[in-house]
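Working notes for the structure below.
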Amino acid sequence: MPTHILVVGGGIGGLSAALALSRGGHRADVFEQAPAFAEIGAGIQMGPNVTRRLALLGLAQGLEAIAARPDALVVQSAGSGAELARLPLGDAMRERYGAPYLCVHRADLHALLLEAVRARGRGTLVTDARIAQVETSDDLVCISSSGARAWEGEALIGADGLWSLARQRLDVPSAAEPPRATGHTAWRAMAEQAALPQVLRRGRIDVWLGPQLHAVAYPVRGGAWLNVVVIAESAPAGDARDWDQASSLAALQKATGRSGRALQALLEAMPGWRAWTLSDRPPLASAAEMAHERVALVGDAAHPMVPYLAQGAGMAIEDSVALAEALGQGSAADVPAAFARYAEARWQRNALVQAKARRNGQIFHAAGAVRIGRDLAMRALGARLLDQPWLYGG
């Protein structure tokens with residue numbers, strides 16, 4: 001008999017989990033706290049480890065229709081603009097890892113997943129469901145919303161992000177601990193490439209490294225749009241989740257004041273900057289931080305990470321495919337053992353990605369002698385330093 005699974009969170013992780021589980025014959029009901037299933041944000045880089053798994057979910061053709069395929073990753077100095085290293089992407093990535101390196105808009109990927117979940121015809125999509133309580137027993141899970149609604153199933157997937165309520169059902173001391181504020185701020189903006197001066201348009205991924213900051217620009221939406229993100233060690237006062245354009249740009253220029261004119265010109269040309277403060281958790285220490293009995297977590301609910309390896313969404317998608325593989329076509333009675341296998345298979349890889357993302361932040365934002373050593377290493381090793389076989393081939 002198929003298992004009835006409740007998925008809390010209707011973002012990329014929750015929809016990926018629902019799709020993967022439905023392809024295994026299970027019923028997956030998805031609960032989203034917003035009035036509609038939608039996604040905000042900007043671009044996502046997806047290495048071959050991610051696009052390979054999306055292909056397993058039957059999304060390869062749809063993904064090609066919405067994605068941009070950058071031809072290279074180029075790292076430069078934020079001050080001088082001098083090139084430090086270059087990694088060929090495009091055909092080189094597909095030949096090496098059997099899948100492409102793609103860039104998408106978060107909303108486009110979310111819409112692709114949502115369409116696929118609806119097309120499967122299994123489970124229900126529930127909106128306006130802000131889950132306030134989670135209860136479990138030997139055989140069942142029950143969730144209830146702040147609007148006095150309740151639902152019952154045989155398993156629970158927590159895909160409810162950084163402040164996960166489902167996480168509190170884990171049997172670990174850290175389950176109720178809040179995330180860690182990093183002191184870093186991410187500014188994001190997008191623009192149609194046709195509206196930008198020719199010199200600012202891009203078909204590749206450009207990265208600029210500077211003291212206490214870095215910036216990334218890459219195409220999305222088939223190359224028609226340019227996504228730019230700047231992350232600086234400059235935590236703003238108050239809540240920076242939805243600044244207006246004027247104050248965001250002013251704060252961004254203050255944080256990047258020591259960068260060169262070429263990068264500043266790109267920042268000034270981008271409209272509609274928005275800023276977010278960044279938080280994470282320590283790297284996972286055990287499988288118990290990903291699952292307990294009939295509750296399993298995917299993505300940021302289990303292992304939020306800083307974006308210095310561009311793998312936050314990717315790890316949520318990897319989790320989803322691995323979770324469905326662990327459960328297979330098993331029945332409700334198989335759930336605790338399947339979830340335990342899933343967590344055991346995933347926690348060390350996720351912990352490694354979390355740790356390397358933190359380490360990358362230190363390297364990207366280095367100053368002084370460390371920065372000089374970093375630049376010399378990049379110039380000497382180039383693509384060998386930028387490529388990540390352990391990640392892309394995993």
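Scheme for the structure tokens: letters A, B, ... for chains in order shown; per-chain residue numbers from 1; ligand numbers from 1 in order shown.
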
Give me, as a PDB file with all heavy atoms, in the first residue's frame, all polymer residues having an atom no more than 8 Å from region 158-170 of chain A, counting only C-alpha atoms and skipping those fewer than 6 positions away in the same chain.
ATOM      1  N   VAL A   7       3.916  16.738   3.606  1.00  0.00           N
ATOM      2  CA  VAL A   7       5.110  17.532   3.320  1.00  0.00           C
ATOM      3  C   VAL A   7       4.841  18.963   3.762  1.00  0.00           C
ATOM      4  O   VAL A   7       3.982  19.638   3.188  1.00  0.00           O
ATOM      5  CB  VAL A   7       5.470  17.491   1.821  1.00  0.00           C
ATOM      6  CG1 VAL A   7       6.732  18.313   1.561  1.00  0.00           C
ATOM      7  CG2 VAL A   7       5.658  16.055   1.344  1.00  0.00           C
ATOM      8  N   VAL A   8       5.556  19.420   4.768  1.00  0.00           N
ATOM      9  CA  VAL A   8       5.361  20.772   5.282  1.00  0.00           C
ATOM     10  C   VAL A   8       6.359  21.701   4.606  1.00  0.00           C
ATOM     11  O   VAL A   8       7.569  21.574   4.800  1.00  0.00           O
ATOM     12  CB  VAL A   8       5.545  20.816   6.812  1.00  0.00           C
ATOM     13  CG1 VAL A   8       5.378  22.236   7.329  1.00  0.00           C
ATOM     14  CG2 VAL A   8       4.556  19.878   7.489  1.00  0.00           C
ATOM     15  N   GLY A   9       5.848  22.620   3.792  1.00  0.00           N
ATOM     16  CA  GLY A   9       6.692  23.546   3.044  1.00  0.00           C
ATOM     17  C   GLY A   9       6.563  23.320   1.561  1.00  0.00           C
ATOM     18  O   GLY A   9       6.838  22.219   1.063  1.00  0.00           O
ATOM     19  N   GLY A  10       6.122  24.368   0.840  1.00  0.00           N
ATOM     20  CA  GLY A  10       5.891  24.232  -0.590  1.00  0.00           C
ATOM     21  C   GLY A  10       6.919  24.930  -1.451  1.00  0.00           C
ATOM     22  O   GLY A  10       6.608  25.382  -2.557  1.00  0.00           O
ATOM     23  N   GLY A  11       8.159  25.014  -0.971  1.00  0.00           N
ATOM     24  CA  GLY A  11       9.235  25.576  -1.771  1.00  0.00           C
ATOM     25  C   GLY A  11       9.876  24.522  -2.651  1.00  0.00           C
ATOM     26  O   GLY A  11       9.303  23.452  -2.909  1.00  0.00           O
ATOM     27  N   GLY A  13      12.432  22.524  -2.061  1.00  0.00           N
ATOM     28  CA  GLY A  13      12.660  21.261  -1.372  1.00  0.00           C
ATOM     29  C   GLY A  13      11.399  20.460  -1.180  1.00  0.00           C
ATOM     30  O   GLY A  13      11.378  19.245  -1.417  1.00  0.00           O
ATOM     31  N   GLY A  14      10.319  21.116  -0.741  1.00  0.00           N
ATOM     32  CA  GLY A  14       9.067  20.408  -0.517  1.00  0.00           C
ATOM     33  C   GLY A  14       8.474  19.838  -1.788  1.00  0.00           C
ATOM     34  O   GLY A  14       8.004  18.688  -1.811  1.00  0.00           O
ATOM     35  N   ILE A 131       1.571  25.851   9.660  1.00  0.00           N
ATOM     36  CA  ILE A 131       1.556  24.752  10.628  1.00  0.00           C
ATOM     37  C   ILE A 131       2.047  25.252  11.986  1.00  0.00           C
ATOM     38  O   ILE A 131       3.124  25.847  12.099  1.00  0.00           O
ATOM     39  CB  ILE A 131       2.414  23.584  10.126  1.00  0.00           C
ATOM     40  CG1 ILE A 131       1.917  23.127   8.744  1.00  0.00           C
ATOM     41  CG2 ILE A 131       2.377  22.434  11.118  1.00  0.00           C
ATOM     42  CD1 ILE A 131       0.451  22.769   8.686  1.00  0.00           C
ATOM     43  N   ALA A 132       1.228  24.986  13.002  1.00  0.00           N
ATOM     44  CA  ALA A 132       1.529  25.463  14.352  1.00  0.00           C
ATOM     45  C   ALA A 132       1.921  24.334  15.296  1.00  0.00           C
ATOM     46  O   ALA A 132       2.534  24.579  16.330  1.00  0.00           O
ATOM     47  CB  ALA A 132       0.317  26.207  14.926  1.00  0.00           C
ATOM     48  N   GLN A 133       1.552  23.097  14.947  1.00  0.00           N
ATOM     49  CA  GLN A 133       1.826  21.987  15.861  1.00  0.00           C
ATOM     50  C   GLN A 133       2.030  20.708  15.073  1.00  0.00           C
ATOM     51  O   GLN A 133       1.359  20.468  14.059  1.00  0.00           O
ATOM     52  CB  GLN A 133       0.677  21.823  16.854  1.00  0.00           C
ATOM     53  CG  GLN A 133       0.972  20.864  17.998  1.00  0.00           C
ATOM     54  CD  GLN A 133      -0.088  20.934  19.097  1.00  0.00           C
ATOM     55  OE1 GLN A 133      -1.041  21.699  19.005  1.00  0.00           O
ATOM     56  NE2 GLN A 133       0.091  20.135  20.137  1.00  0.00           N
ATOM     57  N   VAL A 134       2.959  19.888  15.541  1.00  0.00           N
ATOM     58  CA  VAL A 134       3.228  18.575  14.956  1.00  0.00           C
ATOM     59  C   VAL A 134       3.189  17.544  16.077  1.00  0.00           C
ATOM     60  O   VAL A 134       3.864  17.702  17.102  1.00  0.00           O
ATOM     61  CB  VAL A 134       4.606  18.529  14.269  1.00  0.00           C
ATOM     62  CG1 VAL A 134       4.898  17.120  13.773  1.00  0.00           C
ATOM     63  CG2 VAL A 134       4.673  19.535  13.131  1.00  0.00           C
ATOM     64  N   ALA A 176      15.756  22.422  19.036  1.00  0.00           N
ATOM     65  CA  ALA A 176      15.030  23.654  19.329  1.00  0.00           C
ATOM     66  C   ALA A 176      15.914  24.889  19.315  1.00  0.00           C
ATOM     67  O   ALA A 176      15.431  26.003  19.560  1.00  0.00           O
ATOM     68  CB  ALA A 176      14.336  23.542  20.684  1.00  0.00           C
ATOM     69  N   PRO A 178      17.956  28.067  17.927  1.00  0.00           N
ATOM     70  CA  PRO A 178      17.747  28.953  16.773  1.00  0.00           C
ATOM     71  C   PRO A 178      18.936  28.910  15.829  1.00  0.00           C
ATOM     72  O   PRO A 178      20.041  28.507  16.218  1.00  0.00           O
ATOM     73  CB  PRO A 178      17.605  30.338  17.417  1.00  0.00           C
ATOM     74  CG  PRO A 178      18.424  30.230  18.675  1.00  0.00           C
ATOM     75  CD  PRO A 178      18.231  28.822  19.163  1.00  0.00           C
ATOM     76  N   PRO A 179      18.750  29.328  14.571  1.00  0.00           N
ATOM     77  CA  PRO A 179      19.877  29.408  13.653  1.00  0.00           C
ATOM     78  C   PRO A 179      20.873  30.480  14.093  1.00  0.00           C
ATOM     79  O   PRO A 179      20.562  31.340  14.916  1.00  0.00           O
ATOM     80  CB  PRO A 179      19.234  29.764  12.312  1.00  0.00           C
ATOM     81  CG  PRO A 179      17.790  29.887  12.537  1.00  0.00           C
ATOM     82  CD  PRO A 179      17.488  29.698  13.963  1.00  0.00           C
ATOM     83  N   ASP A 280      22.786  30.466   9.306  1.00  0.00           N
ATOM     84  CA  ASP A 280      23.006  29.048   9.036  1.00  0.00           C
ATOM     85  C   ASP A 280      23.018  28.292  10.358  1.00  0.00           C
ATOM     86  O   ASP A 280      22.686  28.836  11.407  1.00  0.00           O
ATOM     87  CB  ASP A 280      24.296  28.821   8.230  1.00  0.00           C
ATOM     88  CG  ASP A 280      25.573  29.103   9.023  1.00  0.00           C
ATOM     89  OD1 ASP A 280      25.470  29.605  10.168  1.00  0.00           O
ATOM     90  OD2 ASP A 280      26.671  28.823   8.511  1.00  0.00           O
ATOM     91  N   ALA A 288      20.928  11.658  13.263  1.00  0.00           N
ATOM     92  CA  ALA A 288      19.765  12.016  14.081  1.00  0.00           C
ATOM     93  C   ALA A 288      19.287  13.437  13.833  1.00  0.00           C
ATOM     94  O   ALA A 288      18.152  13.775  14.191  1.00  0.00           O
ATOM     95  CB  ALA A 288      20.101  11.829  15.564  1.00  0.00           C
ATOM     96  N   GLU A 289      20.108  14.268  13.218  1.00  0.00           N
ATOM     97  CA  GLU A 289      19.709  15.640  12.903  1.00  0.00           C
ATOM     98  C   GLU A 289      18.944  15.741  11.588  1.00  0.00           C
ATOM     99  O   GLU A 289      18.560  16.839  11.184  1.00  0.00           O
ATOM    100  CB  GLU A 289      20.939  16.538  12.871  1.00  0.00           C
ATOM    101  CG  GLU A 289      21.600  16.711  14.219  1.00  0.00           C
ATOM    102  CD  GLU A 289      22.766  17.671  14.165  1.00  0.00           C
ATOM    103  OE1 GLU A 289      22.533  18.889  14.118  1.00  0.00           O
ATOM    104  OE2 GLU A 289      23.923  17.192  14.157  1.00  0.00           O
ATOM    105  N   MET A 290      18.697  14.607  10.930  1.00  0.00           N
ATOM    106  CA  MET A 290      17.940  14.621   9.680  1.00  0.00           C
ATOM    107  C   MET A 290      16.657  13.805   9.738  1.00  0.00           C
ATOM    108  O   MET A 290      15.782  14.001   8.887  1.00  0.00           O
ATOM    109  CB  MET A 290      18.813  14.129   8.512  1.00  0.00           C
ATOM    110  CG  MET A 290      19.917  15.086   8.128  1.00  0.00           C
ATOM    111  SD  MET A 290      20.598  14.761   6.490  1.00  0.00           S
ATOM    112  CE  MET A 290      19.214  15.177   5.424  1.00  0.00           C
ATOM    113  N   ALA A 291      16.533  12.911  10.697  1.00  0.00           N
ATOM    114  CA  ALA A 291      15.316  12.087  10.766  1.00  0.00           C
ATOM    115  C   ALA A 291      15.169  11.477  12.143  1.00  0.00           C
ATOM    116  O   ALA A 291      16.160  11.194  12.829  1.00  0.00           O
ATOM    117  CB  ALA A 291      15.351  10.988   9.702  1.00  0.00           C
ATOM    118  N   HIS A 292      13.910  11.252  12.507  1.00  0.00           N
ATOM    119  CA  HIS A 292      13.592  10.539  13.753  1.00  0.00           C
ATOM    120  C   HIS A 292      12.233   9.882  13.592  1.00  0.00           C
ATOM    121  O   HIS A 292      11.218  10.551  13.373  1.00  0.00           O
ATOM    122  CB  HIS A 292      13.569  11.515  14.939  1.00  0.00           C
ATOM    123  CG  HIS A 292      13.185  10.862  16.231  1.00  0.00           C
ATOM    124  ND1 HIS A 292      13.933   9.858  16.808  1.00  0.00           N
ATOM    125  CD2 HIS A 292      12.120  11.078  17.068  1.00  0.00           C
ATOM    126  CE1 HIS A 292      13.371   9.488  17.940  1.00  0.00           C
ATOM    127  NE2 HIS A 292      12.260  10.194  18.129  1.00  0.00           N
ATOM    128  N   VAL A 295       9.486  11.183  11.077  1.00  0.00           N
ATOM    129  CA  VAL A 295       9.758  12.552  10.643  1.00  0.00           C
ATOM    130  C   VAL A 295      11.133  12.604   9.983  1.00  0.00           C
ATOM    131  O   VAL A 295      12.119  12.129  10.551  1.00  0.00           O
ATOM    132  CB  VAL A 295       9.716  13.540  11.821  1.00  0.00           C
ATOM    133  CG1 VAL A 295      10.073  14.952  11.372  1.00  0.00           C
ATOM    134  CG2 VAL A 295       8.338  13.525  12.476  1.00  0.00           C
ATOM    135  N   ALA A 296      11.196  13.178   8.784  1.00  0.00           N
ATOM    136  CA  ALA A 296      12.464  13.387   8.093  1.00  0.00           C
ATOM    137  C   ALA A 296      12.512  14.825   7.577  1.00  0.00           C
ATOM    138  O   ALA A 296      11.475  15.407   7.244  1.00  0.00           O
ATOM    139  CB  ALA A 296      12.632  12.409   6.933  1.00  0.00           C
ATOM    140  N   LEU A 297      13.707  15.377   7.519  1.00  0.00           N
ATOM    141  CA  LEU A 297      13.896  16.748   7.058  1.00  0.00           C
ATOM    142  C   LEU A 297      14.654  16.771   5.738  1.00  0.00           C
ATOM    143  O   LEU A 297      15.508  15.911   5.480  1.00  0.00           O
ATOM    144  CB  LEU A 297      14.680  17.562   8.088  1.00  0.00           C
ATOM    145  CG  LEU A 297      14.166  17.592   9.525  1.00  0.00           C
ATOM    146  CD1 LEU A 297      15.057  18.491  10.376  1.00  0.00           C
ATOM    147  CD2 LEU A 297      12.711  18.053   9.583  1.00  0.00           C
ATOM    148  N   VAL A 298      14.365  17.774   4.915  1.00  0.00           N
ATOM    149  CA  VAL A 298      15.120  18.014   3.683  1.00  0.00           C
ATOM    150  C   VAL A 298      15.521  19.486   3.639  1.00  0.00           C
ATOM    151  O   VAL A 298      14.839  20.361   4.180  1.00  0.00           O
ATOM    152  CB  VAL A 298      14.318  17.645   2.413  1.00  0.00           C
ATOM    153  CG1 VAL A 298      13.939  16.180   2.408  1.00  0.00           C
ATOM    154  CG2 VAL A 298      13.087  18.521   2.262  1.00  0.00           C
ATOM    155  N   GLY A 299      16.636  19.751   2.968  1.00  0.00           N
ATOM    156  CA  GLY A 299      17.050  21.129   2.719  1.00  0.00           C
ATOM    157  C   GLY A 299      17.357  21.917   3.975  1.00  0.00           C
ATOM    158  O   GLY A 299      17.908  21.399   4.953  1.00  0.00           O
ATOM    159  N   ASP A 300      16.986  23.196   3.953  1.00  0.00           N
ATOM    160  CA  ASP A 300      17.348  24.112   5.029  1.00  0.00           C
ATOM    161  C   ASP A 300      16.760  23.719   6.381  1.00  0.00           C
ATOM    162  O   ASP A 300      17.272  24.144   7.415  1.00  0.00           O
ATOM    163  CB  ASP A 300      16.887  25.536   4.685  1.00  0.00           C
ATOM    164  CG  ASP A 300      17.783  26.199   3.652  1.00  0.00           C
ATOM    165  OD1 ASP A 300      18.825  25.614   3.302  1.00  0.00           O
ATOM    166  OD2 ASP A 300      17.431  27.303   3.186  1.00  0.00           O
ATOM    167  N   ALA A 301      15.691  22.969   6.400  1.00  0.00           N
ATOM    168  CA  ALA A 301      15.140  22.520   7.673  1.00  0.00           C
ATOM    169  C   ALA A 301      16.170  21.688   8.439  1.00  0.00           C
ATOM    170  O   ALA A 301      16.226  21.722   9.663  1.00  0.00           O
ATOM    171  CB  ALA A 301      13.868  21.710   7.450  1.00  0.00           C
ATOM    172  N   ALA A 302      16.983  20.952   7.707  1.00  0.00           N
ATOM    173  CA  ALA A 302      17.988  20.095   8.328  1.00  0.00           C
ATOM    174  C   ALA A 302      19.362  20.735   8.365  1.00  0.00           C
ATOM    175  O   ALA A 302      20.082  20.630   9.352  1.00  0.00           O
ATOM    176  CB  ALA A 302      18.077  18.764   7.578  1.00  0.00           C
ATOM    177  N   PRO A 304      20.727  24.235   6.909  1.00  0.00           N
ATOM    178  CA  PRO A 304      20.904  25.523   6.242  1.00  0.00           C
ATOM    179  C   PRO A 304      22.386  25.848   6.113  1.00  0.00           C
ATOM    180  O   PRO A 304      23.176  25.533   7.007  1.00  0.00           O
ATOM    181  CB  PRO A 304      20.186  26.502   7.163  1.00  0.00           C
ATOM    182  CG  PRO A 304      20.222  25.855   8.511  1.00  0.00           C
ATOM    183  CD  PRO A 304      20.107  24.383   8.241  1.00  0.00           C
TER     184      PRO A 304
END

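Within the 7 Å cut-off around Trp347 (chain A), using only C-alpha atoms and omitting residues fewer than 6 positions from it on the same chain, the listed residues are Leu284, Ser286, Ala287 and Met290 of chain A.
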
Fill in the blank from the handout: Correct to one decimal, the distance CA of Ala17 (chain A)-CA of Leu113 (chain A) is 9.9 Å

Selection near Leu352 (chain A), 8 Å with only C-alpha atoms, sequence-local residues under 4 positions removed, as a PDB file with N, CA and C atoms, in the first residue's frame:
ATOM      1  N   PRO A 283      27.571  22.546  10.849  1.00  0.00           N
ATOM      2  CA  PRO A 283      27.462  21.326  10.039  1.00  0.00           C
ATOM      3  C   PRO A 283      26.869  20.177  10.854  1.00  0.00           C
ATOM      4  N   GLN A 348      26.463  12.960   6.190  1.00  0.00           N
ATOM      5  CA  GLN A 348      27.876  13.301   6.060  1.00  0.00           C
ATOM      6  C   GLN A 348      28.143  14.160   4.822  1.00  0.00           C
ATOM      7  N   LYS A 356      32.400  23.155   3.862  1.00  0.00           N
ATOM      8  CA  LYS A 356      33.158  23.747   2.755  1.00  0.00           C
ATOM      9  C   LYS A 356      32.570  25.086   2.336  1.00  0.00           C
TER      10      LYS A 356
END

Exercise for the section: Grab the CA of Ile231 (chain A) to CA of Ala351 (chain A) distance for me, in Å with one decimal place. Expected result: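 Interatomic distance, CA of Ile231 (chain A) to CA of Ala351 (chain A): 22.0 Å.
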
Exercise for the section: For Arg258 (chain A), list every protein, DNA or RNA residue within 10 Å, evaluated using only C-alpha atoms, and leave out those in the same chain fewer than 4 positions away; present the list as a PyMOL selection string. Expected result: chain A and resi 78-79+210-211+213+253-254+264

Problem - All strand (DSSP E or B) residues (DSSP, backbone) inside region 258-376 of chain A, as a list of chain:residue names - result: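 Taking region 258-376 of chain A and keeping strand (DSSP E or B) gives A:Arg274, A:Ala275, A:Trp276, A:Thr277, A:Leu278, A:Ser279, A:Asp280, A:Ala291, A:His292, A:Val295, A:Ala296, A:Leu297.
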
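In this comparison, which uses only C-alpha atoms, the residue of A:Asp171, A:Ala155, A:Tyr101, A:His184 approaching Pro336 (chain A) most closely is A:Ala155.
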
Find the spatial neighbours of Val104 (chain A), counting only C-alpha atoms, within a cut-off of 8 Å - ignore same-chain residues fewer than 3 positions away - and output them as a PDB file with N, CA, C and O atoms, in the first residue's frame.
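Result file result_9.pdb:
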ATOM      1  N   GLY A  43      18.384  34.098  -8.829  1.00  0.00           N
ATOM      2  CA  GLY A  43      18.932  32.980  -9.565  1.00  0.00           C
ATOM      3  C   GLY A  43      19.439  31.853  -8.691  1.00  0.00           C
ATOM      4  O   GLY A  43      19.676  32.009  -7.491  1.00  0.00           O
ATOM      5  N   ILE A  44      19.591  30.683  -9.315  1.00  0.00           N
ATOM      6  CA  ILE A  44      20.190  29.509  -8.688  1.00  0.00           C
ATOM      7  C   ILE A  44      21.194  28.917  -9.671  1.00  0.00           C
ATOM      8  O   ILE A  44      20.880  28.723 -10.845  1.00  0.00           O
ATOM      9  N   GLN A  45      22.400  28.632  -9.179  1.00  0.00           N
ATOM     10  CA  GLN A  45      23.340  27.841  -9.965  1.00  0.00           C
ATOM     11  C   GLN A  45      23.124  26.366  -9.639  1.00  0.00           C
ATOM     12  O   GLN A  45      22.987  26.002  -8.468  1.00  0.00           O
ATOM     13  N   MET A  46      23.122  25.539 -10.662  1.00  0.00           N
ATOM     14  CA  MET A  46      22.897  24.108 -10.462  1.00  0.00           C
ATOM     15  C   MET A  46      23.992  23.315 -11.164  1.00  0.00           C
ATOM     16  O   MET A  46      24.052  23.276 -12.400  1.00  0.00           O
ATOM     17  N   ILE A  66      13.962  26.433 -19.547  1.00  0.00           N
ATOM     18  CA  ILE A  66      13.952  27.613 -18.674  1.00  0.00           C
ATOM     19  C   ILE A  66      15.353  28.069 -18.271  1.00  0.00           C
ATOM     20  O   ILE A  66      15.508  29.165 -17.729  1.00  0.00           O
ATOM     21  N   ALA A  67      16.367  27.251 -18.524  1.00  0.00           N
ATOM     22  CA  ALA A  67      17.691  27.511 -17.967  1.00  0.00           C
ATOM     23  C   ALA A  67      18.584  28.257 -18.944  1.00  0.00           C
ATOM     24  O   ALA A  67      18.348  28.300 -20.152  1.00  0.00           O
ATOM     25  N   ALA A  68      19.633  28.842 -18.396  1.00  0.00           N
ATOM     26  CA  ALA A  68      20.757  29.350 -19.192  1.00  0.00           C
ATOM     27  C   ALA A  68      21.921  28.391 -18.993  1.00  0.00           C
ATOM     28  O   ALA A  68      22.081  27.796 -17.928  1.00  0.00           O
ATOM     29  N   ASP A 108      11.229  30.126 -11.787  1.00  0.00           N
ATOM     30  CA  ASP A 108      11.022  29.246 -12.940  1.00  0.00           C
ATOM     31  C   ASP A 108      11.168  27.785 -12.543  1.00  0.00           C
ATOM     32  O   ASP A 108      10.390  26.928 -12.983  1.00  0.00           O
ATOM     33  N   LEU A 109      12.175  27.477 -11.732  1.00  0.00           N
ATOM     34  CA  LEU A 109      12.347  26.105 -11.271  1.00  0.00           C
ATOM     35  C   LEU A 109      11.177  25.687 -10.389  1.00  0.00           C
ATOM     36  O   LEU A 109      10.670  24.560 -10.497  1.00  0.00           O
ATOM     37  N   PRO A 219      23.765  34.532 -16.241  1.00  0.00           N
ATOM     38  CA  PRO A 219      22.505  34.607 -16.979  1.00  0.00           C
ATOM     39  C   PRO A 219      21.491  33.596 -16.460  1.00  0.00           C
ATOM     40  O   PRO A 219      21.853  32.531 -15.948  1.00  0.00           O
ATOM     41  N   VAL A 220      20.222  33.922 -16.588  1.00  0.00           N
ATOM     42  CA  VAL A 220      19.119  33.010 -16.293  1.00  0.00           C
ATOM     43  C   VAL A 220      18.065  33.191 -17.386  1.00  0.00           C
ATOM     44  O   VAL A 220      18.204  34.011 -18.272  1.00  0.00           O
ATOM     45  N   ARG A 221      17.003  32.391 -17.303  1.00  0.00           N
ATOM     46  CA  ARG A 221      15.895  32.476 -18.257  1.00  0.00           C
ATOM     47  C   ARG A 221      16.382  32.423 -19.710  1.00  0.00           C
ATOM     48  O   ARG A 221      16.104  33.296 -20.517  1.00  0.00           O
TER      49      ARG A 221
END

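Nearest residue to Val335 (chain A), choosing from A:Gly153, A:Gly394, A:Pro100, A:Pro88 and counting only C-alpha atoms: A:Gly153.
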
Problem - Long-range neighbours of Gly24 (chain A) as a ChimeraX atom specification, 10 Å cut-off, only C-alpha atoms, 5 positions minimum in chain - result: /A:2-3,18-19,324-325,327-330

Practice task
Go through A:Arg27, A:Arg120, A:His303, A:Arg52 one by one, measure the shortest atom-to-atom distance of each to Ala175 (chain A) using only C-alpha atoms, and give the residue with the smallest value.
Solution key: A:His303

Problem - helix (DSSP H, G or I) call set, DSSP backbone run, region 304-351 of chain A, as a PyMOL selection string - result: chain A and resi 312-327+332-351

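Distances here use only C-alpha atoms; by that measure, the residue among A:Arg106, A:Ala150, A:Val228, A:Gly203 closest to Glu135 (chain A) is A:Ala150.
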
Problem - Shell around Arg201 (chain A) at 10 Å using only C-alpha atoms, local window under 5 positions removed, as a list in words - result: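 The neighbour list is Ala191, Glu192, Gln193, Ala194, Ala195, Leu196, Ala217, Tyr218, Pro219, Gly223, Ala224, Trp225, Leu226 and Leu266 of chain A.
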
Completion exercise
Atom pair CA of Ser234 (chain A) + CA of Ala255 (chain A), distance 6.3 Å
